[in-house]
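A.B. asks: Below is a structure I'd like to ask you about.
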Amino acid sequence: MPLFSGLPVAFTHGQGVWLWDTKGNKYLDALAGIAVCGLGHAHPAVTAALCDQAGKLLHTSNWYEIPLQEQLAERLCRLAGMENVFFCNSGAEANEAAIKLARLHGHQRDILTPGIIVTEGSFHGRTLATLSASGSRKIQSGFEPLVQGFYRVPYNDLSAVQQIGERNKNIVAVLVEPITGEGGVFIPDEGYLKGLRKICDERGWLLMLDEIQTGMCRTGKWFACQHEGVAPDVMTLAKGLGNGVPIGACLARGKAAKVFKPGSHGSTFSGNPLVCRVALAVIEELEKKKFADRAAKVGKRLLDKLKEKLNKTPGVKEIRGRGLMLAIELERPCKELLQRGLESGILINVTADNVIRLLPPLILTDTEADLLADILEKMVRGFLNEK
Ligand SMILES: *Cc1c(COP(=O)(O)O)cnc(C)c1O
């Protein structure tokens with residue numbers, strides 16, 4: 001089905017941050033499969049885990065114990081300060097699980113029409129519930145009737161959350177991204193997550209953080225909420241968790257960890273031995289080589305370079321980022337930069353029409369970061385000088 005207007009390029013293989021196309025051209029991958037391949041391409045630890053597990057056992061079903069799933073759950077919970085996990089196969093499914101968990105939590109407390117506060121400019125996935133939760137008309141349009149029960153507030157606005165709480169006694173949870181990804185890499189004011197935590201505590205709501213894009217060391221911490229020292233009740237993960245094998249996770253803590261009972265939710269493929277083995281290898285590597293610190297350091301270097309090179313350039317609105325989640329916001333739409341990126345030998349993304357989004361692998365070296373900044377400077381200047 002013609003759902004993706006793909007660029008006219010196909011890749012044959014990759015190594016680290018580099019990709020090669022069918023014509024033998026080489027590209028610096030500053031997208032990493034949309035924040036998925038944190039360890040880059042063809043990482044030996046990932047390849048070894050994948051190959052070894054493929055020769056042993058791929059799948060049995062959740063009707064039996066899966067020790068690798070239990071190991072992964074334990075590792076993830078320890079890192080995230082959470083208590084238990086539901087594994088699934090994508091980000092949208094992780095958020096579906098969170099939404100179902102919040103609703104069930106409401107019903108268990110006799111709230112029969114449980115509401116969830118969500119924000120403008122957010123992205124939570126493409127299933128019916130998650131697109132209804134997302135703050136983008138573009139992805140909702142044509143799929144009405146939407147799933148009900150979402151209450152929308154502006155991002156980074158605590159008083160709007162308070163006001164919804166005053167008016168609606170059926171609210172059970174808040175679902176937000178710590179930094180918006182698809183929405184344009186907007187970093188909320190310091191204290192936003194803390195403020196949300198406080199409101200949720202006062203009102204007995206669940207704080208549910210969508211860390212699908214920001215998690216797994218992307219922003220310079222294991223999870224973006226750790227920049228503010230905030231612990232959510234529910235956290236969703238996917239993208240960087242499997243470095244390319246499809247795996248998502250919905251983690252819970254405290255009262256949220258007690259909501260789901262046998263039969264409340266499920267999935268056939270979820271948490272099978274193959275994906276869990278790979279995710280374990282990913283975590284081990286991220287931990288061993290301290291990639292959270294690495295992402296913070298190289299991300300800051302890249303951000304500083306980009307600012308130095310482009311900050312005062314007419315047509316550049318803002319350059320921002322945290323760790324290796326960065327954005328160059330231009331004053332006008334710039335989708336054609338995707339093609340120009342290819343011509344310049346880099347893979348980038350453009351989101352929210354006018355935001356160049358960079359999500360390079362966490363293994364990006366200083367030299368590669370400098371090279372990326374040089375190429376971006378030339379490309380952006382060339383583009384802005386034309387019109
Ligand atoms: C990508 C993303 C999703 C959806 O994940 P899929 O795996 O595409 O379903 C949800 N939330 C955020 C913040 C994302 O970046």
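Scheme for the structure tokens: letters A, B, ... for chains in order shown; per-chain residue numbers from 1; ligand numbers from 1 in order shown.
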Let me have all residues with an atom within 6 Å of ligand 1, counting only C-alpha atoms and all ligand atoms, laid out as an MDAnalysis selection string.
C.D. replies: chainID A and resid 90:92 123:125 177 181 210 212:213
A.B. asks: For A:Leu359, please output as a VMD selection string all residues within 7 Å (counting only C-alpha atoms; exclusion window: fewer than 5 positions along the same chain).
C.D. replies: chain A and resid 30 to 32 34 to 35 324 to 326
A.B. asks: Have a look at atom CA of A:Met379 and atom CA of A:Leu19 and let me know their distance in Å, one decimal.
C.D. replies: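 Between atom CA of A:Met379 and atom CA of A:Leu19 the gap is 19.3 Å.
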A.B. asks: Any chance you could tabulate, as a tab-separated table, the residues of stretch 231-301 of chain A at most 9 Å from stretch 364-371 of chain A with each one's nearest atom pair and distance in Å to one decimal, using only C-alpha atoms, in chain and rising number order?
C.D. replies:
residue	atom	partner	partner_atom	distance
A:Arg294	CA	A:Leu364	CA	8.8
A:Ala295	CA	A:Leu364	CA	8.2
A:Val298	CA	A:Asp366	CA	6.1
A:Gly299	CA	A:Ala369	CA	8.2
A:Arg301	CA	A:Asp366	CA	7.6
A.B. asks: Those residues you just picked out, can you put them in a file as a PDB file, in the first residue's frame with N, CA, C and O atoms?
C.D. replies:
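What landed in result28.pdb:
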ATOM      1  N   ARG A 294      28.135   9.213  27.053  1.00  0.00           N
ATOM      2  CA  ARG A 294      28.692   9.444  25.712  1.00  0.00           C
ATOM      3  C   ARG A 294      27.717  10.307  24.876  1.00  0.00           C
ATOM      4  O   ARG A 294      28.127  11.257  24.214  1.00  0.00           O
ATOM      5  N   ALA A 295      26.437   9.958  24.926  1.00  0.00           N
ATOM      6  CA  ALA A 295      25.425  10.713  24.157  1.00  0.00           C
ATOM      7  C   ALA A 295      25.356  12.156  24.644  1.00  0.00           C
ATOM      8  O   ALA A 295      25.214  13.088  23.854  1.00  0.00           O
ATOM      9  N   VAL A 298      28.893  13.877  23.326  1.00  0.00           N
ATOM     10  CA  VAL A 298      29.005  14.107  21.884  1.00  0.00           C
ATOM     11  C   VAL A 298      27.820  14.948  21.387  1.00  0.00           C
ATOM     12  O   VAL A 298      27.955  15.748  20.464  1.00  0.00           O
ATOM     13  N   GLY A 299      26.672  14.792  22.065  1.00  0.00           N
ATOM     14  CA  GLY A 299      25.492  15.589  21.718  1.00  0.00           C
ATOM     15  C   GLY A 299      25.739  17.066  21.976  1.00  0.00           C
ATOM     16  O   GLY A 299      25.378  17.930  21.183  1.00  0.00           O
ATOM     17  N   ARG A 301      28.655  18.505  22.066  1.00  0.00           N
ATOM     18  CA  ARG A 301      29.638  18.947  21.087  1.00  0.00           C
ATOM     19  C   ARG A 301      28.958  19.291  19.757  1.00  0.00           C
ATOM     20  O   ARG A 301      29.206  20.342  19.169  1.00  0.00           O
TER      21      ARG A 301
END
A.B. asks: Would you tabulate, counting only C-alpha atoms, all residues of stretch 124-169 of chain A that have an atom at most 12 Å from an atom of stretch 98-108 of chain A, showing the closest pair of atoms and their distance in Å to one decimal, sorted by chain then ascending number, as a Markdown table?
C.D. replies:
| residue | atom | partner | partner_atom | distance |
| --- | --- | --- | --- | --- |
| A:His124 | CA | A:Ile99 | CA | 10.6 |
| A:Gly125 | CA | A:Ile99 | CA | 11.9 |
| A:Thr127 | CA | A:Ile99 | CA | 11.8 |
| A:Leu128 | CA | A:Ile99 | CA | 11.5 |
| A:Ala129 | CA | A:Ile99 | CA | 7.9 |
| A:Thr130 | CA | A:Ile99 | CA | 8.3 |
| A:Leu131 | CA | A:Ile99 | CA | 11.8 |
| A:Ser132 | CA | A:Ile99 | CA | 11.0 |
| A:Ala133 | CA | A:Ile99 | CA | 9.0 |
| A:Val147 | CA | A:Ile99 | CA | 11.0 |
| A:Gln148 | CA | A:Arg103 | CA | 11.5 |
| A:Gly149 | CA | A:Arg103 | CA | 9.3 |
| A:Phe150 | CA | A:Ile99 | CA | 9.9 |
| A:Lys169 | CA | A:Gly106 | CA | 11.0 |
A.B. asks: Pick out the residues sitting within 8 Å of stretch 236-253 of chain A, and hand them over as a ChimeraX atom specification; count only C-alpha atoms, and ignore anything fewer than 6 positions along from it in its own chain.
C.D. replies: /A:33-40,46,77,81-91,93-95,97-98,208-213,215-216,270-271,275,278-279,282-283
A.B. asks: Could the residues in this selection be written to a file with C-alpha atoms, as a PDB file, in the first residue's frame?
C.D. replies:
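Output below, filename result20.pdb:
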ATOM      1  CA  GLY A  33      16.190   4.286  11.694  1.00  0.00           C
ATOM      2  CA  ILE A  34      14.302   6.976  13.693  1.00  0.00           C
ATOM      3  CA  ALA A  35      16.232   6.686  16.967  1.00  0.00           C
ATOM      4  CA  VAL A  36      16.246   2.898  16.737  1.00  0.00           C
ATOM      5  CA  CYS A  37      19.824   1.853  15.970  1.00  0.00           C
ATOM      6  CA  GLY A  38      21.543   3.476  18.936  1.00  0.00           C
ATOM      7  CA  LEU A  39      24.457   1.087  18.593  1.00  0.00           C
ATOM      8  CA  GLY A  40      24.618   1.750  14.874  1.00  0.00           C
ATOM      9  CA  VAL A  46      23.915  -7.365  18.589  1.00  0.00           C
ATOM     10  CA  CYS A  77      13.171  -2.244  35.831  1.00  0.00           C
ATOM     11  CA  GLY A  81      13.314   2.376  38.756  1.00  0.00           C
ATOM     12  CA  MET A  82      10.138   0.528  37.802  1.00  0.00           C
ATOM     13  CA  GLU A  83       8.603  -2.711  39.119  1.00  0.00           C
ATOM     14  CA  ASN A  84       7.169  -4.713  36.259  1.00  0.00           C
ATOM     15  CA  VAL A  85       6.863  -4.763  32.476  1.00  0.00           C
ATOM     16  CA  PHE A  86       4.554  -5.778  29.676  1.00  0.00           C
ATOM     17  CA  PHE A  87       6.530  -6.433  26.515  1.00  0.00           C
ATOM     18  CA  CYS A  88       5.056  -5.809  23.080  1.00  0.00           C
ATOM     19  CA  ASN A  89       6.210  -5.296  19.518  1.00  0.00           C
ATOM     20  CA  SER A  90       6.160  -1.549  18.895  1.00  0.00           C
ATOM     21  CA  GLY A  91       5.846   1.869  20.435  1.00  0.00           C
ATOM     22  CA  GLU A  93       1.471  -1.071  21.347  1.00  0.00           C
ATOM     23  CA  ALA A  94       3.393   0.050  24.410  1.00  0.00           C
ATOM     24  CA  ASN A  95       1.211   3.162  24.590  1.00  0.00           C
ATOM     25  CA  ALA A  97      -0.972  -0.954  26.982  1.00  0.00           C
ATOM     26  CA  ALA A  98      -0.446   2.219  29.025  1.00  0.00           C
ATOM     27  CA  MET A 208       2.690   8.108  32.202  1.00  0.00           C
ATOM     28  CA  LEU A 209       5.791   9.083  30.252  1.00  0.00           C
ATOM     29  CA  ASP A 210       6.195   8.132  26.609  1.00  0.00           C
ATOM     30  CA  GLU A 211       9.962   7.579  26.427  1.00  0.00           C
ATOM     31  CA  ILE A 212       9.748   5.643  23.188  1.00  0.00           C
ATOM     32  CA  GLN A 213      12.009   8.114  21.423  1.00  0.00           C
ATOM     33  CA  GLY A 215      14.630   6.521  26.259  1.00  0.00           C
ATOM     34  CA  MET A 216      17.604   4.154  26.036  1.00  0.00           C
ATOM     35  CA  SER A 270       5.560 -10.131  22.609  1.00  0.00           C
ATOM     36  CA  GLY A 271       8.730 -10.686  24.590  1.00  0.00           C
ATOM     37  CA  VAL A 275      13.836 -10.036  20.800  1.00  0.00           C
ATOM     38  CA  VAL A 278      18.828  -8.905  21.533  1.00  0.00           C
ATOM     39  CA  ALA A 279      17.457  -6.233  23.867  1.00  0.00           C
ATOM     40  CA  VAL A 282      21.747  -3.855  23.660  1.00  0.00           C
ATOM     41  CA  ILE A 283      21.352  -2.938  27.324  1.00  0.00           C
TER      42      ILE A 283
END
A.B. asks: Considering only C-alpha atoms, state which residue in the set A:Leu338, A:Tyr192, A:Pro360, A:Lys317 is at the smallest distance from A:Ser5.
C.D. replies: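 Counting only C-alpha atoms, the residue closest to A:Ser5 is A:Leu338.
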A.B. asks: So that I can check the secondary structure, give me every residue of stretch 82-280 of chain A assigned strand (DSSP E) by backbone DSSP, as a ChimeraX atom specification.
C.D. replies: /A:84-88,115-119,150-153,171-176,206-210,234-237,248-252
A.B. asks: With C-alpha atoms retained, export the selected residues as a PDB file, in the first residue's frame.
C.D. replies:
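Heads up, here's the output in part-v4.pdb:
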ATOM      1  CA  ASN A  84       7.169  -4.713  36.259  1.00  0.00           C
ATOM      2  CA  VAL A  85       6.863  -4.763  32.476  1.00  0.00           C
ATOM      3  CA  PHE A  86       4.554  -5.778  29.676  1.00  0.00           C
ATOM      4  CA  PHE A  87       6.530  -6.433  26.515  1.00  0.00           C
ATOM      5  CA  CYS A  88       5.056  -5.809  23.080  1.00  0.00           C
ATOM      6  CA  GLY A 115     -10.019  10.355  31.114  1.00  0.00           C
ATOM      7  CA  ILE A 116      -6.378  10.790  30.177  1.00  0.00           C
ATOM      8  CA  ILE A 117      -4.723  14.192  29.742  1.00  0.00           C
ATOM      9  CA  VAL A 118      -2.557  14.449  26.624  1.00  0.00           C
ATOM     10  CA  THR A 119      -0.768  17.357  24.969  1.00  0.00           C
ATOM     11  CA  PHE A 150      -8.519  12.148  25.904  1.00  0.00           C
ATOM     12  CA  TYR A 151      -8.312  15.705  27.253  1.00  0.00           C
ATOM     13  CA  ARG A 152      -5.860  17.900  25.395  1.00  0.00           C
ATOM     14  CA  VAL A 153      -3.738  20.687  26.865  1.00  0.00           C
ATOM     15  CA  ILE A 171      -9.232  12.069  35.001  1.00  0.00           C
ATOM     16  CA  VAL A 172      -7.010   9.124  35.882  1.00  0.00           C
ATOM     17  CA  ALA A 173      -3.699   9.814  34.145  1.00  0.00           C
ATOM     18  CA  VAL A 174      -1.456  12.188  32.228  1.00  0.00           C
ATOM     19  CA  LEU A 175       0.407  10.878  29.172  1.00  0.00           C
ATOM     20  CA  VAL A 176       3.279  13.019  27.820  1.00  0.00           C
ATOM     21  CA  LEU A 206      -0.893   8.176  37.057  1.00  0.00           C
ATOM     22  CA  LEU A 207       2.032   9.973  35.447  1.00  0.00           C
ATOM     23  CA  MET A 208       2.690   8.108  32.202  1.00  0.00           C
ATOM     24  CA  LEU A 209       5.791   9.083  30.252  1.00  0.00           C
ATOM     25  CA  ASP A 210       6.195   8.132  26.609  1.00  0.00           C
ATOM     26  CA  VAL A 234       4.130   4.179  33.806  1.00  0.00           C
ATOM     27  CA  MET A 235       6.876   4.440  31.201  1.00  0.00           C
ATOM     28  CA  THR A 236       6.731   3.280  27.609  1.00  0.00           C
ATOM     29  CA  LEU A 237       9.737   2.267  25.527  1.00  0.00           C
ATOM     30  CA  GLY A 248       8.287  -2.333  22.915  1.00  0.00           C
ATOM     31  CA  ALA A 249       7.728  -2.199  26.642  1.00  0.00           C
ATOM     32  CA  CYS A 250       5.241  -0.716  29.081  1.00  0.00           C
ATOM     33  CA  LEU A 251       6.779  -0.453  32.545  1.00  0.00           C
ATOM     34  CA  ALA A 252       4.851   0.228  35.736  1.00  0.00           C
TER      35      ALA A 252
END
A.B. asks: What does the structure give for the distance between atom CA of A:Arg320 and atom CA of A:Val185, in Å to one decimal?
C.D. replies: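 Value for the atom CA of A:Arg320-atom CA of A:Val185 distance: 7.8 Å.
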